[in-house]
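What follows is structure.txt (compact mmCIF, C-alpha atoms).
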# COMPACT_ATOMS: atom_id res chain seq x y z
CA MET Z 1 283.81 155.41 150.42
CA GLU Z 2 281.99 152.99 148.14
CA SER Z 3 278.70 151.73 149.53
CA ILE Z 4 278.44 148.13 150.69
CA LEU Z 5 275.33 147.90 148.49
CA ASN Z 6 277.22 148.51 145.24
CA ASN Z 7 277.33 145.43 142.98
CA ARG Z 8 275.40 143.40 145.55
CA PRO Z 9 271.86 143.36 144.16
CA GLU Z 10 270.43 140.87 146.66
CA LEU Z 11 271.72 142.80 149.67
CA ALA Z 12 270.62 146.10 148.10
CA ALA Z 13 267.14 144.67 147.54
CA GLU Z 14 266.78 143.78 151.23
CA ILE Z 15 267.96 147.21 152.37
CA ASN Z 16 265.65 148.87 149.86
CA LYS Z 17 262.74 146.90 151.39
CA VAL Z 18 263.67 148.42 154.74
CA ALA Z 19 263.64 151.89 153.18
CA GLU Z 20 260.25 151.22 151.57
CA VAL Z 21 258.75 150.00 154.85
CA ALA Z 22 260.22 152.98 156.72
CA GLY Z 23 258.37 155.24 154.30
CA TYR Z 24 255.11 153.41 154.90
CA LEU Z 25 255.53 153.69 158.68
CA TRP Z 26 256.02 157.45 158.42
CA GLN Z 27 253.11 157.91 156.01
CA LYS Z 28 250.78 156.00 158.34
CA GLY Z 29 251.78 158.10 161.34
CA TRP Z 30 253.31 155.09 163.08
CA ALA Z 31 256.84 156.55 163.29
CA GLU Z 32 256.76 159.97 164.88
CA ARG Z 33 260.15 161.71 165.29
CA ASN Z 34 262.70 158.88 165.73
CA GLY Z 35 260.10 156.35 166.87
CA GLY Z 36 260.39 152.71 165.88
CA ASN Z 37 263.21 150.34 165.01
CA ILE Z 38 264.12 147.86 162.30
CA THR Z 39 266.80 145.17 162.39
CA ILE Z 40 267.37 142.53 159.70
CA ASN Z 41 269.74 139.59 159.58
CA ILE Z 42 271.74 139.94 156.34
CA THR Z 43 274.28 137.17 157.00
CA GLU Z 44 273.21 135.13 153.96
CA TYR Z 45 274.15 138.04 151.67
CA VAL Z 46 277.65 138.48 153.09
CA ASP Z 47 280.54 137.60 150.78
CA ASP Z 48 284.25 137.22 151.47
CA GLU Z 49 284.92 140.87 150.67
CA ILE Z 50 282.42 141.98 153.30
CA LYS Z 51 283.92 139.55 155.82
CA ALA Z 52 287.30 141.20 155.24
CA MET Z 53 286.02 144.75 155.70
CA PRO Z 54 287.70 146.58 158.58
CA ALA Z 55 285.66 148.05 161.39
CA ILE Z 56 284.79 151.75 161.16
CA SER Z 57 283.93 151.93 164.87
CA GLU Z 58 285.41 150.84 168.14
CA VAL Z 59 284.29 147.51 169.59
CA LYS Z 60 280.92 148.05 171.24
CA PRO Z 61 279.29 145.81 173.89
CA ILE Z 62 275.88 144.34 173.13
CA GLY Z 63 274.98 144.09 176.80
CA ALA Z 64 274.29 140.36 176.56
CA THR Z 65 276.05 137.23 175.34
CA LEU Z 66 274.18 135.78 172.38
CA PRO Z 67 275.89 132.55 171.26
CA TYR Z 68 273.79 131.91 168.15
CA LEU Z 69 274.83 135.25 166.61
CA LYS Z 70 278.53 134.44 166.28
CA GLY Z 71 279.72 135.77 162.93
CA CYS Z 72 276.31 137.21 162.00
CA TYR Z 73 275.74 140.50 160.22
CA PHE Z 74 272.79 142.85 160.67
CA TYR Z 75 271.46 146.02 159.14
CA CYS Z 76 270.08 148.26 161.90
CA LYS Z 77 268.23 151.56 161.95
CA GLY Z 78 270.37 154.18 163.66
CA THR Z 79 269.67 155.55 167.09
CA ASN Z 80 267.87 158.92 167.02
CA LYS Z 81 267.33 158.52 163.28
CA ARG Z 82 263.95 159.18 161.71
CA MET Z 83 262.08 156.64 159.58
CA ARG Z 84 261.24 159.36 157.07
CA ASP Z 85 264.97 159.99 156.58
CA LEU Z 86 265.81 156.30 156.45
CA ALA Z 87 263.24 155.93 153.66
CA ARG Z 88 265.31 158.31 151.52
CA GLN Z 89 268.82 157.39 152.64
CA PRO Z 90 268.96 154.00 154.35
CA MET Z 91 272.75 153.83 154.60
CA ALA Z 92 273.02 157.33 156.09
CA ASN Z 93 270.40 156.52 158.73
CA GLY Z 94 271.37 152.95 159.49
CA SER Z 95 274.46 150.76 159.47
CA VAL Z 96 275.75 147.25 158.96
CA ILE Z 97 277.24 145.58 162.03
CA ARG Z 98 279.32 142.43 162.54
CA ILE Z 99 278.86 140.34 165.68
CA LEU Z 100 282.28 139.38 167.03
CA ASP Z 101 283.43 135.93 168.10
CA ASP Z 102 282.79 136.61 171.78
CA CYS Z 103 279.07 136.92 170.90
CA ALA Z 104 278.90 139.84 173.33
CA SER Z 105 280.17 142.71 171.18
CA TYR Z 106 280.00 144.12 167.67
CA VAL Z 107 281.60 146.60 165.30
CA ILE Z 108 280.13 148.79 162.57
CA ILE Z 109 281.55 147.98 159.14
CA ALA Z 110 279.48 150.06 156.68
CA ASP Z 111 278.60 152.54 155.30
CA GLU Z 112 278.96 155.17 158.00
CA PRO Z 113 279.60 154.87 161.77
CA VAL Z 114 275.89 155.28 162.57
CA ASN Z 115 275.23 153.92 166.04
CA PRO Z 116 272.48 151.29 165.96
CA THR Z 117 269.18 151.68 167.75
CA SER Z 118 269.32 151.92 171.53
CA GLU Z 119 267.05 148.86 171.55
CA LEU Z 120 269.71 146.78 169.78
CA PRO Z 121 270.16 144.35 172.73
CA SER Z 122 266.44 143.53 172.63
CA HIS Z 123 266.40 143.10 168.84
CA LEU Z 124 269.53 140.95 168.83
CA SER Z 125 268.20 138.84 171.70
CA VAL Z 126 265.14 138.11 169.59
CA HIS Z 127 267.28 137.16 166.58
CA ASN Z 128 269.41 134.92 168.80
CA ASN Z 129 266.25 133.16 169.95
CA LEU Z 130 264.94 132.80 166.40
CA ILE Z 131 268.17 131.18 165.21
CA SER Z 132 268.24 128.88 168.25
CA LYS Z 133 264.81 127.56 167.22
CA GLY Z 134 265.81 127.05 163.59
CA SER Z 135 263.43 129.78 162.43
CA ASN Z 136 263.75 131.27 158.95
CA TYR Z 137 262.62 134.66 160.26
CA LYS Z 138 265.22 137.34 159.47
CA ALA Z 139 263.49 140.63 160.26
CA SER Z 140 262.29 142.42 163.39
CA LEU Z 141 260.14 145.53 163.42
CA HIS Z 142 259.05 147.83 166.23
CA THR Z 143 256.54 150.56 165.45
CA HIS Z 144 253.62 152.51 166.96
CA PRO Z 145 250.36 151.67 165.10
CA ILE Z 146 247.83 154.15 166.42
CA GLU Z 147 244.67 152.05 166.63
CA LEU Z 148 246.35 148.96 168.06
CA VAL Z 149 248.05 151.05 170.75
CA ALA Z 150 244.69 152.68 171.54
CA LEU Z 151 243.14 149.26 172.26
CA THR Z 152 245.74 148.56 174.96
CA HIS Z 153 244.48 151.46 177.04
CA ASN Z 154 241.51 149.23 177.94
CA LYS Z 155 242.50 146.34 180.20
CA LYS Z 156 240.10 143.84 178.64
CA PHE Z 157 242.08 143.97 175.37
CA MET Z 158 245.19 142.94 177.28
CA GLU Z 159 243.66 139.61 178.31
CA LYS Z 160 245.22 136.62 176.56
CA ASP Z 161 243.82 136.16 173.02
CA TYR Z 162 240.95 138.60 173.57
CA ALA Z 163 242.39 141.02 171.02
CA SER Z 164 243.39 138.18 168.67
CA ASN Z 165 239.86 136.81 168.50
CA LEU Z 166 238.34 140.27 168.14
CA LEU Z 167 240.71 141.31 165.34
CA TRP Z 168 240.41 137.97 163.53
CA SER Z 169 236.63 138.36 163.58
CA MET Z 170 236.57 141.76 161.87
CA ILE Z 171 237.57 140.55 158.38
CA PRO Z 172 238.58 137.09 157.06
CA GLU Z 173 241.94 138.31 155.74
CA THR Z 174 243.18 138.96 159.27
CA LYS Z 175 242.68 135.32 160.23
CA ALA Z 176 244.33 134.21 156.98
CA PHE Z 177 247.34 136.54 157.01
CA CYS Z 178 247.96 136.76 160.79
CA PRO Z 179 247.07 133.21 161.79
CA ARG Z 180 249.09 133.20 165.02
CA GLY Z 181 247.31 136.26 166.36
CA LEU Z 182 248.55 139.01 168.64
CA GLY Z 183 250.54 138.41 171.81
CA MET Z 184 250.23 140.86 174.69
CA VAL Z 185 252.89 142.21 177.06
CA SER Z 186 251.84 144.39 179.98
CA TYR Z 187 253.58 147.75 180.34
CA LYS Z 188 257.32 147.58 180.97
CA LEU Z 189 260.01 150.22 180.71
CA PRO Z 190 261.02 150.74 177.05
CA SER Z 191 264.40 149.18 176.16
CA SER Z 192 264.44 147.22 179.42
CA VAL Z 193 265.63 143.64 179.84
CA GLU Z 194 262.21 142.80 181.28
CA LEU Z 195 260.48 143.98 178.10
CA ALA Z 196 262.86 141.98 175.91
CA GLU Z 197 262.39 138.80 177.95
CA ALA Z 198 258.60 139.12 177.95
CA THR Z 199 258.59 139.71 174.20
CA ILE Z 200 260.76 136.66 173.48
CA ASN Z 201 258.44 134.57 175.62
CA GLU Z 202 255.38 135.72 173.65
CA LEU Z 203 257.13 135.10 170.31
CA ASP Z 204 256.99 131.37 171.05
CA ASP Z 205 253.27 131.55 170.22
CA TYR Z 206 252.87 134.75 168.18
CA ASP Z 207 254.58 136.64 165.34
CA VAL Z 208 253.33 140.04 166.48
CA VAL Z 209 253.51 141.16 170.11
CA MET Z 210 251.66 144.17 171.52
CA TRP Z 211 253.40 146.31 174.13
CA GLU Z 212 250.80 147.93 176.37
CA LYS Z 213 250.49 151.70 175.78
CA HIS Z 214 253.60 151.62 173.56
CA GLY Z 215 253.63 149.75 170.24
CA VAL Z 216 254.13 146.41 168.54
CA PHE Z 217 257.09 144.14 167.89
CA ALA Z 218 256.82 141.87 164.83
CA VAL Z 219 259.05 139.22 163.27
CA ASP Z 220 258.88 137.48 159.90
CA THR Z 221 260.92 136.20 156.96
CA ASP Z 222 261.67 139.72 155.75
CA ILE Z 223 260.77 143.26 156.76
CA MET Z 224 257.92 143.58 154.27
CA ALA Z 225 256.23 140.47 155.65
CA ALA Z 226 256.62 141.76 159.21
CA PHE Z 227 255.07 145.09 158.17
CA ASP Z 228 252.21 143.31 156.39
CA GLN Z 229 251.19 141.51 159.56
CA VAL Z 230 251.06 144.73 161.58
CA ASP Z 231 249.22 146.50 158.75
CA VAL Z 232 246.55 143.78 158.55
CA LEU Z 233 246.03 143.69 162.32
CA ASN Z 234 245.73 147.48 162.51
CA LYS Z 235 243.19 147.43 159.65
CA SER Z 236 241.01 145.17 161.79
CA ALA Z 237 241.39 147.57 164.72
CA LEU Z 238 240.29 150.39 162.40
CA ILE Z 239 237.19 148.42 161.34
CA TYR Z 240 236.32 147.77 164.98
CA ILE Z 241 236.76 151.43 165.93
CA ALA Z 242 234.80 152.58 162.86
CA ALA Z 243 231.85 150.41 163.90
CA LYS Z 244 232.03 151.72 167.47
CA ASN Z 245 232.11 155.29 166.16
CA MET Z 246 228.96 154.52 164.16
CA GLY Z 247 227.29 153.69 167.45
CA PHE Z 248 227.19 149.90 167.53
CA GLU Z 249 229.24 146.91 168.67
CA PRO Z 250 230.29 144.97 165.55
CA ASP Z 251 229.07 141.37 165.40
CA GLY Z 252 232.32 139.99 163.99
CA MET Z 253 232.74 136.53 162.53
CA SER Z 254 231.55 133.74 164.80
CA GLN Z 255 233.91 131.19 166.36
CA GLU Z 256 232.44 128.60 163.97
CA GLN Z 257 233.21 130.80 160.96
CA MET Z 258 236.77 131.39 162.14
CA LYS Z 259 237.27 127.67 162.78
CA GLU Z 260 236.05 127.02 159.24
CA MET Z 261 238.73 129.44 158.00
CA SER Z 262 241.41 127.64 160.00
CA VAL Z 263 240.48 124.26 158.56
CA ALA Z 264 240.06 125.47 154.96
CA PHE Z 265 243.38 127.35 154.89
CA HIS Z 266 245.33 124.99 157.19
CA LEU Z 267 245.99 127.74 159.73
CA PRO Z 268 247.86 127.01 163.00
CA LYS Z 269 245.14 128.42 165.28

Please re-express this file's structure in structure tokens.
Amino acid sequence: MESILNNRPELAAEINKVAEVAGYLWQKGWAERNGGNITINITEYVDDEIKAMPAISEVKPIGATLPYLKGCYFYCKGTNKRMRDLARQPMANGSVIRILDDCASYVIIADEPVNPTSELPSHLSVHNNLISKGSNYKASLHTHPIELVALTHNKKFMEKDYASNLLWSMIPETKAFCPRGLGMVSYKLPSSVELAEATINELDDYDVVMWEKHGVFAVDTDIMAAFDQVDVLNKSALIYIAAKNMGFEPDGMSQEQMKEMSVAFHLPK
């Protein structure tokens, strides 16, 4: 069967970004085994031929009714698929799904009947919320950045905006490129409704949300931008840990210096 990416350079470019990011996640050690998930909204790249494609799966329930996703299309990493494999073969380790008119179910349309991530209800709930707010964010990323996860094993880092201020203070670029900071969600069962709801709540104020003792969930305009935010935040965590390993508490930028950054670069916080 011909790939949905053939003769669709814009769609292929977006899927290739996913493959590139998947490779980075594996190389960084953030995607052990089948860890992590990626979902991107590709509706804007869907043409009439795609809309007419028949389903290659049975109708599958989402597990929630998401009214803003009616008629939307998503590329999703497959369940039990490895990021290192997705990096090489994105359409053999992920699939394109169509949300049906009931907004509560979907079908797979391409390329292969690869079942989407088990966390699909959470990812789609986030996308539904983004569209409801008029956001131009199209990508969601869940991964396990080692140093950021390590910080959450100390309760003080879970306090509201403690980690944001610490990470911003390590290097100016973090304040500039992650200006909304890092939201925090206390430990909840992976893939649970409670985790999804808490994450959506935090995404009102943050683009990257930390799950205690688990990983991060990030949203942005495309998957590369979402990855960049996590990468920058984890770099700050590495700087902090490097200083601690050298035997001292890093001074960090002062609140005055960070406020100066916010004013100079017109940052939201």

All residues 8 Å or closer to region 43-55 of chain Z, all atoms listed in the file, same chain fewer than 5 positions away omitted, as an MDAnalysis selection string: chainID Z and resid 4 10:11 72:74 107:109

* Spatial neighbours of Ala19 (chain Z), max dist 6 Å, only C-alpha atoms, sep filter under 4 positions, as a ChimeraX atom specification -> /Z:86-87,90

Residue with the minimum atom-to-atom distance to His214 (chain Z), picked from Z:Cys103, Z:Met170, Z:Val149, Z:Ile241 with all atoms listed in the file counted, is Z:Val149

Atom pair CA of Gly71 (chain Z) + CA of Asn115 (chain Z), distance 19.0 Å

Mind dumping a table of every region 87-143 of chain Z residue within 9 Å of region 20-40 of chain Z, with the nearest atom pair and its distance in Å to one decimal, using all atoms listed in the file, sorted by chain and rising number, as CSV?
residue,atom,partner,partner_atom,distance
Z:Ala87,CA,Z:Gly23,CA,5.0
Z:Arg88,CA,Z:Gly23,CA,8.1
Z:Thr117,CA,Z:Asn37,CA,6.7
Z:Glu119,CA,Z:Asn37,CA,7.7
Z:Leu120,CA,Z:Thr39,CA,8.1
Z:His123,CA,Z:Thr39,CA,6.8
Z:Leu124,CA,Z:Thr39,CA,8.2
Z:His127,CA,Z:Ile40,CA,8.7
Z:Lys138,CA,Z:Ile40,CA,5.6
Z:Ala139,CA,Z:Ile40,CA,4.4
Z:Ser140,CA,Z:Thr39,CA,5.4
Z:Leu141,CA,Z:Ile38,CA,4.7
Z:His142,CA,Z:Asn37,CA,5.0
Z:Thr143,CA,Z:Gly36,CA,4.4

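The shell of residues at most 12 Å from region 252-254 of chain Z, with only C-alpha atoms counted and near chain neighbours (fewer than 6 positions) removed, consists of Asn165, Leu166, Leu167, Trp168, Ser169, Met170, Ile171, Pro172, Glu173, Thr174, Lys175, Ser236, Ala237, Ile239, Tyr240, Ala243, Glu260 and Met261 of chain Z.
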
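With distances restricted to all atoms listed in the file, Z:Val185 is the closest residue to Trp211 (chain Z) from Z:Ala13, Z:Leu195, Z:Val185, Z:Leu233.
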